[in-house]
Every structure is written in C-alpha cells, then in structure tokens.
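Below: coords10.cif (mmCIF, N, CA and C atoms)
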data_query
#
loop_
_atom_site.label_atom_id
_atom_site.label_comp_id
_atom_site.auth_asym_id
_atom_site.auth_seq_id
_atom_site.Cartn_x
_atom_site.Cartn_y
_atom_site.Cartn_z
N MET Z 843 -6.55 10.38 21.49
CA MET Z 843 -6.07 9.82 20.24
C MET Z 843 -5.45 10.94 19.42
N LYS Z 844 -4.25 10.71 18.93
CA LYS Z 844 -3.56 11.68 18.09
C LYS Z 844 -3.57 11.15 16.66
N VAL Z 845 -4.03 11.99 15.76
CA VAL Z 845 -3.99 11.67 14.33
C VAL Z 845 -2.90 12.54 13.72
N LEU Z 846 -1.87 11.89 13.17
CA LEU Z 846 -0.72 12.62 12.66
C LEU Z 846 -0.61 12.46 11.15
N ASP Z 847 -0.22 13.54 10.50
CA ASP Z 847 0.11 13.49 9.08
C ASP Z 847 1.58 13.12 8.98
N LEU Z 848 1.87 12.05 8.24
CA LEU Z 848 3.22 11.52 8.16
C LEU Z 848 3.67 11.45 6.70
N ARG Z 849 4.98 11.37 6.50
CA ARG Z 849 5.54 11.24 5.15
C ARG Z 849 6.82 10.44 5.23
N CYS Z 850 7.03 9.59 4.21
CA CYS Z 850 8.27 8.81 4.13
C CYS Z 850 9.28 9.56 3.27
N THR Z 851 10.47 9.01 3.15
CA THR Z 851 11.52 9.68 2.36
C THR Z 851 11.22 9.68 0.87
N HIS Z 852 10.23 8.88 0.45
CA HIS Z 852 9.84 8.85 -0.97
C HIS Z 852 8.66 9.77 -1.24
N ALA Z 853 8.33 10.62 -0.26
CA ALA Z 853 7.27 11.63 -0.35
C ALA Z 853 5.86 11.04 -0.41
N HIS Z 854 5.68 9.81 0.10
CA HIS Z 854 4.34 9.25 0.21
C HIS Z 854 3.72 9.79 1.51
N GLY Z 855 2.62 10.48 1.39
CA GLY Z 855 1.95 11.01 2.57
C GLY Z 855 0.89 10.03 3.07
N PHE Z 856 0.74 9.93 4.37
CA PHE Z 856 -0.28 9.06 4.95
C PHE Z 856 -0.59 9.53 6.36
N GLU Z 857 -1.62 8.97 6.94
CA GLU Z 857 -2.10 9.35 8.25
C GLU Z 857 -1.82 8.23 9.24
N GLY Z 858 -1.43 8.58 10.45
CA GLY Z 858 -1.21 7.59 11.49
C GLY Z 858 -1.99 7.96 12.75
N TRP Z 859 -2.54 6.98 13.43
CA TRP Z 859 -3.31 7.20 14.65
C TRP Z 859 -2.54 6.59 15.81
N PHE Z 860 -2.32 7.39 16.84
CA PHE Z 860 -1.53 6.96 17.99
C PHE Z 860 -2.22 7.39 19.28
N ALA Z 861 -1.96 6.65 20.34
CA ALA Z 861 -2.56 6.97 21.64
C ALA Z 861 -2.05 8.31 22.16
N SER Z 862 -0.81 8.64 21.85
CA SER Z 862 -0.21 9.90 22.30
C SER Z 862 1.01 10.19 21.44
N ASN Z 863 1.56 11.39 21.61
CA ASN Z 863 2.78 11.72 20.88
C ASN Z 863 3.93 10.82 21.34
N GLU Z 864 3.94 10.47 22.62
CA GLU Z 864 4.98 9.59 23.14
C GLU Z 864 4.87 8.20 22.51
N ALA Z 865 3.64 7.73 22.31
CA ALA Z 865 3.45 6.42 21.67
C ALA Z 865 3.99 6.46 20.24
N PHE Z 866 3.73 7.57 19.53
CA PHE Z 866 4.27 7.71 18.17
C PHE Z 866 5.79 7.67 18.20
N GLU Z 867 6.42 8.46 19.09
CA GLU Z 867 7.87 8.53 19.16
C GLU Z 867 8.48 7.17 19.49
N THR Z 868 7.85 6.43 20.40
CA THR Z 868 8.34 5.10 20.79
C THR Z 868 8.26 4.14 19.61
N GLN Z 869 7.11 4.13 18.93
CA GLN Z 869 6.94 3.24 17.78
C GLN Z 869 7.88 3.62 16.64
N LEU Z 870 8.08 4.91 16.44
CA LEU Z 870 8.98 5.38 15.38
C LEU Z 870 10.41 4.92 15.67
N ALA Z 871 10.85 5.10 16.93
CA ALA Z 871 12.20 4.70 17.31
C ALA Z 871 12.41 3.19 17.20
N SER Z 872 11.34 2.42 17.36
CA SER Z 872 11.43 0.96 17.27
C SER Z 872 11.27 0.45 15.84
N GLY Z 873 11.08 1.36 14.88
CA GLY Z 873 10.91 0.96 13.49
C GLY Z 873 9.56 0.35 13.18
N LEU Z 874 8.56 0.63 14.03
CA LEU Z 874 7.24 0.05 13.84
C LEU Z 874 6.33 0.90 12.96
N VAL Z 875 6.72 2.13 12.69
CA VAL Z 875 5.92 3.00 11.83
C VAL Z 875 6.51 2.90 10.43
N GLU Z 876 5.71 2.45 9.48
CA GLU Z 876 6.22 2.31 8.12
C GLU Z 876 5.21 2.84 7.12
N CYS Z 877 5.72 3.26 5.98
CA CYS Z 877 4.89 3.77 4.89
C CYS Z 877 4.03 2.63 4.35
N PRO Z 878 2.72 2.82 4.24
CA PRO Z 878 1.87 1.76 3.71
C PRO Z 878 2.05 1.55 2.21
N VAL Z 879 2.71 2.48 1.54
CA VAL Z 879 2.91 2.35 0.10
C VAL Z 879 4.19 1.60 -0.22
N CYS Z 880 5.31 2.01 0.41
CA CYS Z 880 6.60 1.42 0.04
C CYS Z 880 7.29 0.68 1.18
N GLY Z 881 6.76 0.75 2.40
CA GLY Z 881 7.37 0.05 3.52
C GLY Z 881 8.54 0.77 4.16
N ASP Z 882 8.85 1.99 3.72
CA ASP Z 882 9.95 2.78 4.27
C ASP Z 882 9.67 3.08 5.75
N THR Z 883 10.69 2.95 6.59
CA THR Z 883 10.52 3.25 8.02
C THR Z 883 11.17 4.58 8.40
N ALA Z 884 11.72 5.31 7.42
CA ALA Z 884 12.26 6.64 7.69
C ALA Z 884 11.10 7.63 7.53
N ILE Z 885 10.37 7.83 8.61
CA ILE Z 885 9.13 8.60 8.60
C ILE Z 885 9.33 9.91 9.34
N VAL Z 886 8.73 10.97 8.80
CA VAL Z 886 8.73 12.26 9.49
C VAL Z 886 7.29 12.69 9.73
N LYS Z 887 7.10 13.40 10.82
CA LYS Z 887 5.79 13.94 11.17
C LYS Z 887 5.68 15.32 10.53
N LEU Z 888 4.59 15.56 9.83
CA LEU Z 888 4.36 16.85 9.19
C LEU Z 888 3.63 17.78 10.15
N LEU Z 889 3.79 19.06 9.92
CA LEU Z 889 3.05 20.03 10.71
C LEU Z 889 1.59 19.97 10.31
N SER Z 890 0.72 20.11 11.28
CA SER Z 890 -0.71 20.15 10.98
C SER Z 890 -1.35 21.14 11.93
N ALA Z 891 -2.41 21.74 11.48
CA ALA Z 891 -3.11 22.75 12.27
C ALA Z 891 -3.97 22.06 13.32
N PRO Z 892 -3.89 22.52 14.57
CA PRO Z 892 -4.75 21.93 15.59
C PRO Z 892 -6.17 22.44 15.44
N ARG Z 893 -7.11 21.70 15.94
CA ARG Z 893 -8.49 22.16 15.95
C ARG Z 893 -8.73 22.83 17.28
N LEU Z 894 -9.20 24.05 17.23
CA LEU Z 894 -9.49 24.81 18.44
C LEU Z 894 -10.97 25.08 18.53
N ASN Z 895 -11.57 24.78 19.66
CA ASN Z 895 -12.97 25.10 19.89
C ASN Z 895 -13.01 26.38 20.70
N LEU Z 896 -13.39 27.46 20.08
CA LEU Z 896 -13.44 28.75 20.74
C LEU Z 896 -14.89 29.18 20.92
N GLY Z 897 -15.23 29.57 22.12
CA GLY Z 897 -16.58 30.06 22.36
C GLY Z 897 -17.59 28.94 22.42
N ASN Z 898 -18.86 29.35 22.44
CA ASN Z 898 -19.95 28.38 22.52
C ASN Z 898 -20.53 28.02 21.17
N ALA Z 899 -19.99 28.60 20.12
CA ALA Z 899 -20.52 28.32 18.79
C ALA Z 899 -20.28 26.85 18.43
N LYS Z 900 -21.29 26.26 17.84
CA LYS Z 900 -21.16 24.87 17.43
C LYS Z 900 -20.76 24.83 15.97
N ALA Z 901 -19.82 23.95 15.69
CA ALA Z 901 -19.38 23.78 14.31
C ALA Z 901 -20.50 23.13 13.51
N PRO Z 902 -20.63 23.50 12.24
CA PRO Z 902 -21.66 22.86 11.42
C PRO Z 902 -21.38 21.36 11.31
N VAL Z 903 -22.45 20.59 11.34
CA VAL Z 903 -22.33 19.14 11.24
C VAL Z 903 -22.11 18.79 9.77
N GLU Z 904 -21.03 18.05 9.52
CA GLU Z 904 -20.72 17.62 8.16
C GLU Z 904 -20.96 16.13 8.05
N ALA Z 905 -21.30 15.72 6.87
CA ALA Z 905 -21.46 14.29 6.63
C ALA Z 905 -20.10 13.62 6.77
N ALA Z 906 -20.08 12.45 7.33
CA ALA Z 906 -18.83 11.71 7.49
C ALA Z 906 -18.27 11.40 6.10
N PRO Z 907 -16.95 11.55 5.93
CA PRO Z 907 -16.37 11.24 4.63
C PRO Z 907 -16.50 9.75 4.33
N ALA Z 908 -16.62 9.46 3.06
CA ALA Z 908 -16.71 8.06 2.64
C ALA Z 908 -15.40 7.35 2.93
N ALA Z 909 -15.48 6.07 3.24
CA ALA Z 909 -14.26 5.28 3.42
C ALA Z 909 -13.52 5.25 2.09
N PRO Z 910 -12.16 5.24 2.14
CA PRO Z 910 -11.39 5.22 0.89
C PRO Z 910 -11.81 4.11 -0.07
N SER Z 911 -12.24 2.97 0.46
CA SER Z 911 -12.64 1.86 -0.42
C SER Z 911 -13.93 2.16 -1.16
N GLN Z 912 -14.71 3.15 -0.67
CA GLN Z 912 -15.99 3.49 -1.29
C GLN Z 912 -15.92 4.75 -2.14
N MET Z 913 -14.81 5.47 -2.09
CA MET Z 913 -14.68 6.72 -2.82
C MET Z 913 -14.38 6.44 -4.29
N PRO Z 914 -14.89 7.29 -5.20
CA PRO Z 914 -14.52 7.15 -6.61
C PRO Z 914 -13.02 7.33 -6.76
N ALA Z 915 -12.40 6.59 -7.66
CA ALA Z 915 -10.95 6.61 -7.83
C ALA Z 915 -10.41 8.00 -8.08
N GLN Z 916 -11.14 8.84 -8.84
CA GLN Z 916 -10.62 10.17 -9.17
C GLN Z 916 -10.53 11.07 -7.94
N GLN Z 917 -11.20 10.74 -6.85
CA GLN Z 917 -11.13 11.55 -5.63
C GLN Z 917 -10.01 11.10 -4.70
N LEU Z 918 -9.37 10.00 -4.98
CA LEU Z 918 -8.32 9.47 -4.13
C LEU Z 918 -6.96 10.03 -4.51
N SER Z 919 -6.05 10.05 -3.56
CA SER Z 919 -4.68 10.45 -3.85
C SER Z 919 -4.03 9.38 -4.73
N PRO Z 920 -2.94 9.72 -5.41
CA PRO Z 920 -2.27 8.69 -6.23
C PRO Z 920 -1.87 7.47 -5.41
N GLU Z 921 -1.40 7.69 -4.17
CA GLU Z 921 -1.00 6.57 -3.33
C GLU Z 921 -2.19 5.67 -3.00
N ALA Z 922 -3.34 6.29 -2.70
CA ALA Z 922 -4.53 5.51 -2.37
C ALA Z 922 -5.04 4.74 -3.58
N ARG Z 923 -4.95 5.33 -4.77
CA ARG Z 923 -5.36 4.62 -6.00
C ARG Z 923 -4.43 3.43 -6.22
N TRP Z 924 -3.13 3.63 -5.99
CA TRP Z 924 -2.16 2.55 -6.17
C TRP Z 924 -2.45 1.42 -5.19
N MET Z 925 -2.71 1.77 -3.92
CA MET Z 925 -3.00 0.74 -2.91
C MET Z 925 -4.27 -0.02 -3.28
N ARG Z 926 -5.28 0.69 -3.80
CA ARG Z 926 -6.52 0.03 -4.21
C ARG Z 926 -6.21 -0.97 -5.33
N ALA Z 927 -5.39 -0.56 -6.29
CA ALA Z 927 -5.04 -1.45 -7.41
C ALA Z 927 -4.27 -2.67 -6.92
N VAL Z 928 -3.33 -2.47 -6.00
CA VAL Z 928 -2.55 -3.59 -5.47
C VAL Z 928 -3.46 -4.56 -4.73
N ARG Z 929 -4.39 -4.04 -3.93
CA ARG Z 929 -5.32 -4.92 -3.22
C ARG Z 929 -6.15 -5.74 -4.20
N GLU Z 930 -6.56 -5.12 -5.31
CA GLU Z 930 -7.35 -5.84 -6.31
C GLU Z 930 -6.51 -6.94 -6.96
N VAL Z 931 -5.27 -6.65 -7.28
CA VAL Z 931 -4.38 -7.67 -7.85
C VAL Z 931 -4.22 -8.83 -6.88
N ILE Z 932 -4.00 -8.52 -5.61
CA ILE Z 932 -3.84 -9.57 -4.60
C ILE Z 932 -5.09 -10.44 -4.52
N ALA Z 933 -6.26 -9.79 -4.56
CA ALA Z 933 -7.52 -10.53 -4.44
C ALA Z 933 -7.79 -11.42 -5.65
N LYS Z 934 -7.28 -11.04 -6.83
CA LYS Z 934 -7.63 -11.75 -8.05
C LYS Z 934 -6.51 -12.61 -8.63
N THR Z 935 -5.43 -12.79 -7.87
CA THR Z 935 -4.33 -13.60 -8.37
C THR Z 935 -3.89 -14.63 -7.34
N GLU Z 936 -3.20 -15.64 -7.83
CA GLU Z 936 -2.65 -16.68 -6.96
C GLU Z 936 -1.18 -16.37 -6.71
N ASP Z 937 -0.76 -16.43 -5.46
CA ASP Z 937 0.65 -16.20 -5.12
C ASP Z 937 1.40 -17.52 -5.30
N VAL Z 938 2.30 -17.54 -6.30
CA VAL Z 938 3.08 -18.75 -6.57
C VAL Z 938 4.51 -18.63 -6.03
N GLY Z 939 4.77 -17.52 -5.34
CA GLY Z 939 6.06 -17.34 -4.69
C GLY Z 939 7.22 -17.33 -5.67
N ASP Z 940 8.30 -18.05 -5.31
CA ASP Z 940 9.50 -18.04 -6.14
C ASP Z 940 9.38 -18.97 -7.36
N ARG Z 941 8.21 -19.60 -7.54
CA ARG Z 941 7.97 -20.43 -8.73
C ARG Z 941 7.35 -19.60 -9.86
N PHE Z 942 7.39 -18.26 -9.74
CA PHE Z 942 6.71 -17.40 -10.70
C PHE Z 942 7.16 -17.66 -12.14
N ALA Z 943 8.46 -17.64 -12.39
CA ALA Z 943 8.96 -17.82 -13.76
C ALA Z 943 8.54 -19.18 -14.32
N GLU Z 944 8.64 -20.21 -13.51
CA GLU Z 944 8.27 -21.56 -13.93
C GLU Z 944 6.78 -21.62 -14.28
N GLU Z 945 5.92 -21.07 -13.43
CA GLU Z 945 4.48 -21.10 -13.66
C GLU Z 945 4.09 -20.26 -14.87
N ALA Z 946 4.74 -19.10 -15.05
CA ALA Z 946 4.44 -18.24 -16.20
C ALA Z 946 4.78 -18.97 -17.51
N ARG Z 947 5.90 -19.67 -17.52
CA ARG Z 947 6.29 -20.44 -18.72
C ARG Z 947 5.29 -21.57 -19.00
N LYS Z 948 4.90 -22.29 -17.97
CA LYS Z 948 3.94 -23.38 -18.16
C LYS Z 948 2.65 -22.86 -18.79
N MET Z 949 2.17 -21.73 -18.31
CA MET Z 949 0.94 -21.18 -18.88
C MET Z 949 1.17 -20.72 -20.31
N HIS Z 950 2.29 -20.06 -20.55
CA HIS Z 950 2.59 -19.53 -21.88
C HIS Z 950 2.68 -20.64 -22.92
N TYR Z 951 3.25 -21.77 -22.55
CA TYR Z 951 3.44 -22.87 -23.49
C TYR Z 951 2.30 -23.91 -23.42
N GLY Z 952 1.21 -23.58 -22.74
CA GLY Z 952 0.04 -24.44 -22.71
C GLY Z 952 0.16 -25.66 -21.83
N GLU Z 953 1.14 -25.69 -20.93
CA GLU Z 953 1.32 -26.85 -20.04
C GLU Z 953 0.52 -26.72 -18.75
N ALA Z 954 -0.05 -25.53 -18.53
CA ALA Z 954 -0.87 -25.30 -17.34
C ALA Z 954 -2.00 -24.35 -17.74
N GLU Z 955 -3.10 -24.46 -17.02
CA GLU Z 955 -4.25 -23.58 -17.27
C GLU Z 955 -3.87 -22.13 -16.98
N GLU Z 956 -4.30 -21.22 -17.87
CA GLU Z 956 -4.01 -19.81 -17.65
C GLU Z 956 -4.83 -19.28 -16.48
N ARG Z 957 -4.17 -18.49 -15.65
CA ARG Z 957 -4.79 -17.87 -14.49
C ARG Z 957 -3.93 -16.69 -14.08
N GLY Z 958 -4.47 -15.84 -13.28
CA GLY Z 958 -3.70 -14.71 -12.77
C GLY Z 958 -2.76 -15.17 -11.68
N ILE Z 959 -1.47 -14.88 -11.82
CA ILE Z 959 -0.51 -15.27 -10.80
C ILE Z 959 0.35 -14.07 -10.42
N ARG Z 960 0.95 -14.17 -9.25
CA ARG Z 960 1.93 -13.19 -8.80
C ARG Z 960 2.99 -13.96 -8.01
N GLY Z 961 4.17 -13.39 -7.91
CA GLY Z 961 5.24 -14.04 -7.17
C GLY Z 961 6.52 -13.26 -7.32
N GLN Z 962 7.63 -13.92 -7.04
CA GLN Z 962 8.93 -13.27 -7.11
C GLN Z 962 9.73 -13.86 -8.27
N ALA Z 963 10.45 -12.96 -8.95
CA ALA Z 963 11.37 -13.37 -10.01
C ALA Z 963 12.58 -12.45 -9.95
N THR Z 964 13.73 -13.01 -10.23
CA THR Z 964 14.95 -12.20 -10.25
C THR Z 964 14.92 -11.33 -11.51
N PRO Z 965 15.74 -10.28 -11.56
CA PRO Z 965 15.82 -9.47 -12.78
C PRO Z 965 16.19 -10.32 -14.00
N GLU Z 966 17.06 -11.30 -13.81
CA GLU Z 966 17.47 -12.17 -14.92
C GLU Z 966 16.30 -13.02 -15.40
N GLN Z 967 15.52 -13.58 -14.47
CA GLN Z 967 14.36 -14.38 -14.84
C GLN Z 967 13.34 -13.51 -15.57
N THR Z 968 13.13 -12.31 -15.08
CA THR Z 968 12.18 -11.39 -15.71
C THR Z 968 12.60 -11.08 -17.14
N GLU Z 969 13.87 -10.79 -17.34
CA GLU Z 969 14.37 -10.48 -18.68
C GLU Z 969 14.21 -11.69 -19.62
N ALA Z 970 14.49 -12.89 -19.10
CA ALA Z 970 14.34 -14.10 -19.91
C ALA Z 970 12.88 -14.31 -20.30
N LEU Z 971 11.96 -14.08 -19.36
CA LEU Z 971 10.53 -14.22 -19.68
C LEU Z 971 10.13 -13.24 -20.77
N LEU Z 972 10.57 -12.00 -20.64
CA LEU Z 972 10.25 -10.99 -21.66
C LEU Z 972 10.83 -11.36 -23.01
N ASP Z 973 12.06 -11.90 -23.03
CA ASP Z 973 12.70 -12.34 -24.28
C ASP Z 973 11.90 -13.47 -24.96
N GLU Z 974 11.21 -14.28 -24.14
CA GLU Z 974 10.40 -15.38 -24.68
C GLU Z 974 9.01 -14.91 -25.10
N GLY Z 975 8.74 -13.62 -24.93
CA GLY Z 975 7.43 -13.09 -25.29
C GLY Z 975 6.38 -13.27 -24.21
N ILE Z 976 6.80 -13.51 -23.01
CA ILE Z 976 5.88 -13.69 -21.88
C ILE Z 976 5.78 -12.34 -21.16
N ALA Z 977 4.59 -11.77 -21.17
CA ALA Z 977 4.38 -10.45 -20.57
C ALA Z 977 4.38 -10.56 -19.05
N VAL Z 978 5.27 -9.82 -18.43
CA VAL Z 978 5.34 -9.74 -16.97
C VAL Z 978 5.48 -8.28 -16.58
N MET Z 979 5.11 -7.99 -15.36
CA MET Z 979 5.20 -6.62 -14.88
C MET Z 979 5.56 -6.63 -13.40
N PRO Z 980 6.57 -5.85 -13.00
CA PRO Z 980 6.90 -5.79 -11.58
C PRO Z 980 5.82 -5.02 -10.82
N LEU Z 981 5.50 -5.50 -9.64
CA LEU Z 981 4.51 -4.84 -8.80
C LEU Z 981 4.97 -4.96 -7.35
N PRO Z 982 5.67 -3.94 -6.85
CA PRO Z 982 6.09 -4.00 -5.45
C PRO Z 982 4.87 -3.97 -4.53
N ILE Z 983 4.83 -4.92 -3.62
CA ILE Z 983 3.71 -5.00 -2.68
C ILE Z 983 4.22 -4.69 -1.29
N PRO Z 984 3.67 -3.65 -0.64
CA PRO Z 984 4.11 -3.33 0.72
C PRO Z 984 3.90 -4.50 1.67
N ALA Z 985 4.80 -4.64 2.62
CA ALA Z 985 4.72 -5.75 3.57
C ALA Z 985 3.38 -5.78 4.29
N ALA Z 986 2.83 -4.61 4.58
CA ALA Z 986 1.56 -4.55 5.30
C ALA Z 986 0.44 -5.22 4.53
N LEU Z 987 0.49 -5.22 3.21
CA LEU Z 987 -0.56 -5.85 2.42
C LEU Z 987 -0.35 -7.35 2.29
N LYS Z 988 0.83 -7.84 2.59
CA LYS Z 988 1.09 -9.27 2.49
C LYS Z 988 0.55 -10.01 3.71
N GLU Z 989 0.23 -9.25 4.75
CA GLU Z 989 -0.29 -9.84 5.98
C GLU Z 989 -1.80 -9.65 6.03
N THR Z 990 -2.46 -10.35 6.94
CA THR Z 990 -3.89 -10.21 7.11
C THR Z 990 -4.18 -8.83 7.67
N LEU Z 991 -5.10 -8.11 7.02
CA LEU Z 991 -5.49 -6.79 7.51
C LEU Z 991 -6.49 -6.94 8.63
N GLN Z 992 -6.39 -6.07 9.62
CA GLN Z 992 -7.33 -6.14 10.75
C GLN Z 992 -8.37 -5.08 10.62
#
Produce structure tokens that represent the structure in this file.
Amino acid sequence: MKVLDLRCTHAHGFEGWFASNEAFETQLASGLVECPVCGDTAIVKLLSAPRLNLGNAKAPVEAAPAAPSQMPAQQLSPEARWMRAVREVIAKTEDVGDRFAEEARKMHYGEAEERGIRGQATPEQTEALLDEGIAVMPLPIPAALKETLQ
C-alpha cells in the first residue's frame, strides 16, 4: 500500500492511498483522483520522506492518532475543519435542489415551516434573495460529499 501526499492546483493538501505507484498514475490519468475539498482533478504528488528500518532497533510504539472526526477542531488543518463543517451542514439540512430560492422565500414570508435547507441558486436568484432581506450563503460542496461515503 502506498500512502501519497497530494495537492491540487488550489493548494489543498490531502493524502491518497493506492495499491502501487502504477495504480496512482493510472487513476490520475483517468481523472479518478480528485481533491476532496474542491473536486479539482489537476493533482500533483508531493515529495515525502520514505521510512527506513535500519538495524535491529525497534521504533518506539506510539499511540494511534485519533480519527479526524474525533480530533479537536483546533488540531485539524483548515481543509479538514472546512470538510467537517460541510458534513455537519449536510447532516442538518434538507437538500431542496434547484427549488432553493422558492423554498427560502416561502419560509421567509411564513408560507412554509422554517427549517435548514440547502440547494442550488443562480447568482441572480441569490442577489434577489439578499435584496429581499433573505440571508443566504454560498457553500460549495465537493462531489465526493454528495455521494454516499464508504
């Protein structure tokens, strides 16, 4: 198993696990390797130091690092904190798709029960909502988070 340090053109760093360097190159060429933050497929492999076992000395046993979902937010990278926040928004909101502007207006004017929603709106729709005093915020969601995580 090869664990590679990767970076997209937007300077988001992340880790990728591959069966071999050839598997990484094949997946990269096929556009299957993408940034988990922004979905960019222009990925480069960063240099990383190999681990060398020299001699019979045993390395000290270290406690396994906590999973990112269990780590305090201040210990996470900015990208990991952002991904955690996006996952929380996804978990606590209803996806109304392209009906976002319509649903936001209904809630604002008391025609529908208020609830957390997310969806798509054009820049024009967003500007119109803001002009009406309806608070909205863009939140790009990486494609990987829109699918079921394994």
Quick one: everything within 8 Å of Z:Asp940, counting only C-alpha atoms, minus sequence neighbours fewer than 4 positions away in the same chain. Send it as a PyMOL selection string. chain Z and resi 961-963
At a cut-off of 9 Å, can you tabulate as a Markdown table every residue of stretch 918-946 of chain Z near stretch 872-880 of chain Z together with its closest atom pair and the distance in Å to one decimal, using only C-alpha atoms and ordering rows by chain then number?
| residue | atom | partner | partner_atom | distance |
| --- | --- | --- | --- | --- |
| Z:Glu921 | CA | Z:Val879 | CA | 6.7 |
| Z:Ala922 | CA | Z:Val879 | CA | 8.5 |
| Z:Trp924 | CA | Z:Val879 | CA | 8.1 |
| Z:Met925 | CA | Z:Val879 | CA | 6.8 |
Applying the PyMOL selection byres ((chain Z and resi 982) around 8) to the file I just gave you, which residues come out? Please list them as a PyMOL selection string. chain Z and resi 879-880+928+979-981+983-985
Filtering to N, CA and C atoms, could you give me those residues as a PDB file, in the frame of the given file?
ATOM      1  N   VAL Z 879       2.710   2.480   1.540  1.00  0.00           N
ATOM      2  CA  VAL Z 879       2.910   2.350   0.100  1.00  0.00           C
ATOM      3  C   VAL Z 879       4.190   1.600  -0.220  1.00  0.00           C
ATOM      4  N   CYS Z 880       5.310   2.010   0.410  1.00  0.00           N
ATOM      5  CA  CYS Z 880       6.600   1.420   0.040  1.00  0.00           C
ATOM      6  C   CYS Z 880       7.290   0.680   1.180  1.00  0.00           C
ATOM      7  N   VAL Z 928      -3.330  -2.470  -6.000  1.00  0.00           N
ATOM      8  CA  VAL Z 928      -2.550  -3.590  -5.470  1.00  0.00           C
ATOM      9  C   VAL Z 928      -3.460  -4.560  -4.730  1.00  0.00           C
ATOM     10  N   MET Z 979       5.110  -7.990 -15.360  1.00  0.00           N
ATOM     11  CA  MET Z 979       5.200  -6.620 -14.880  1.00  0.00           C
ATOM     12  C   MET Z 979       5.560  -6.630 -13.400  1.00  0.00           C
ATOM     13  N   PRO Z 980       6.570  -5.850 -13.000  1.00  0.00           N
ATOM     14  CA  PRO Z 980       6.900  -5.790 -11.580  1.00  0.00           C
ATOM     15  C   PRO Z 980       5.820  -5.020 -10.820  1.00  0.00           C
ATOM     16  N   LEU Z 981       5.500  -5.500  -9.640  1.00  0.00           N
ATOM     17  CA  LEU Z 981       4.510  -4.840  -8.800  1.00  0.00           C
ATOM     18  C   LEU Z 981       4.970  -4.960  -7.350  1.00  0.00           C
ATOM     19  N   ILE Z 983       4.830  -4.920  -3.620  1.00  0.00           N
ATOM     20  CA  ILE Z 983       3.710  -5.000  -2.680  1.00  0.00           C
ATOM     21  C   ILE Z 983       4.220  -4.690  -1.290  1.00  0.00           C
ATOM     22  N   PRO Z 984       3.670  -3.650  -0.640  1.00  0.00           N
ATOM     23  CA  PRO Z 984       4.110  -3.330   0.720  1.00  0.00           C
ATOM     24  C   PRO Z 984       3.900  -4.500   1.670  1.00  0.00           C
ATOM     25  N   ALA Z 985       4.800  -4.640   2.620  1.00  0.00           N
ATOM     26  CA  ALA Z 985       4.720  -5.750   3.570  1.00  0.00           C
ATOM     27  C   ALA Z 985       3.380  -5.780   4.290  1.00  0.00           C
TER      28      ALA Z 985
END
Secondary structure check, alpha helix (DSSP H) residues of stretch 914-959 of chain Z, as a list in words: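 Reading the DSSP output for stretch 914-959 of chain Z, alpha helix (DSSP H) covers Pro920, Glu921, Ala922, Arg923, Trp924, Met925, Arg926, Ala927, Val928, Arg929, Glu930, Val931, Ile932, Ala933, Lys934, Phe942, Ala943, Glu944, Glu945, Ala946, Arg947, Lys948, Met949 and His950 of chain Z.
Computed from the coordinates, the atom CA of Z:Glu966 to atom C of Z:Ala954 distance equals 23.1 Å.
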Could you tell me which of Z:Thr935, Z:Thr964, Z:Ser890, Z:Thr883 comes closest to Z:Cys850 if we count all atoms listed in the file?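 Closest candidate: Z:Thr883.
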Applying 6.5 Å and only N, CA and C atoms, which residues near Z:Phe860 remain after dropping the ones on its own chain fewer than 5 positions away? List them as a VMD selection string. chain Z and resid 843 to 846 865 to 866
Residues just named, written with N, CA and C atoms as an mmCIF file, in the coordinates of the input:
data_model
loop_
_atom_site.group_PDB
_atom_site.id
_atom_site.type_symbol
_atom_site.label_atom_id
_atom_site.label_comp_id
_atom_site.auth_asym_id
_atom_site.auth_seq_id
_atom_site.Cartn_x
_atom_site.Cartn_y
_atom_site.Cartn_z
ATOM 1 N N MET Z 843 -6.550 10.380 21.490
ATOM 2 C CA MET Z 843 -6.070 9.820 20.240
ATOM 3 C C MET Z 843 -5.450 10.940 19.420
ATOM 4 N N LYS Z 844 -4.250 10.710 18.930
ATOM 5 C CA LYS Z 844 -3.560 11.680 18.090
ATOM 6 C C LYS Z 844 -3.570 11.150 16.660
ATOM 7 N N VAL Z 845 -4.030 11.990 15.760
ATOM 8 C CA VAL Z 845 -3.990 11.670 14.330
ATOM 9 C C VAL Z 845 -2.900 12.540 13.720
ATOM 10 N N LEU Z 846 -1.870 11.890 13.170
ATOM 11 C CA LEU Z 846 -0.720 12.620 12.660
ATOM 12 C C LEU Z 846 -0.610 12.460 11.150
ATOM 13 N N ALA Z 865 3.640 7.730 22.310
ATOM 14 C CA ALA Z 865 3.450 6.420 21.670
ATOM 15 C C ALA Z 865 3.990 6.460 20.240
ATOM 16 N N PHE Z 866 3.730 7.570 19.530
ATOM 17 C CA PHE Z 866 4.270 7.710 18.170
ATOM 18 C C PHE Z 866 5.790 7.670 18.200
#
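Proximity ranking of Z:Ala861, Z:Glu953, Z:Gln869, Z:Ile959 relative to Z:Val931 places Z:Ile959 first, based on all atoms listed in the file.
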Residue nearest Z:Ala943 among Z:Val886, Z:Ser919, Z:Glu857, Z:Thr968 (counting all atoms listed in the file):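 Of all the options, Z:Thr968 lies closest to Z:Ala943.
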Separation of atom CA of Z:Ala977 from atom CA of Z:Glu945, in Å and rounded to one decimal: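 For atom CA of Z:Ala977 relative to atom CA of Z:Glu945, the distance reads 12.7 Å.
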6.5 Å contact set for Z:Lys887, all atoms listed in the file, chain neighbours under 2 positions out, as a list in words: Asp847, Leu848, Arg849, Ile885 and Leu889 of chain Z
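The space separating atom CA of Z:Thr851 from atom CA of Z:Pro920 comes to 16.3 Å.
Residues matched by the PyMOL selection byres (((chain Z and resi 932 and name CA) around 10) and name CA) in this structure: Z:Arg926, Z:Ala927, Z:Val928, Z:Arg929, Z:Glu930, Z:Val931, Z:Ala933, Z:Lys934, Z:Thr935, Z:Glu936, Z:Asp937, Z:Gly958, Z:Ile959, Z:Arg960, Z:Ile983, Z:Leu987, Z:Lys988.
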Ranking Z:Asn863, Z:His852, Z:Arg923, Z:Phe942 by minimum distance to Z:Asp882 and counting only N, CA and C atoms, which one comes first?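 Closest candidate: Z:His852.
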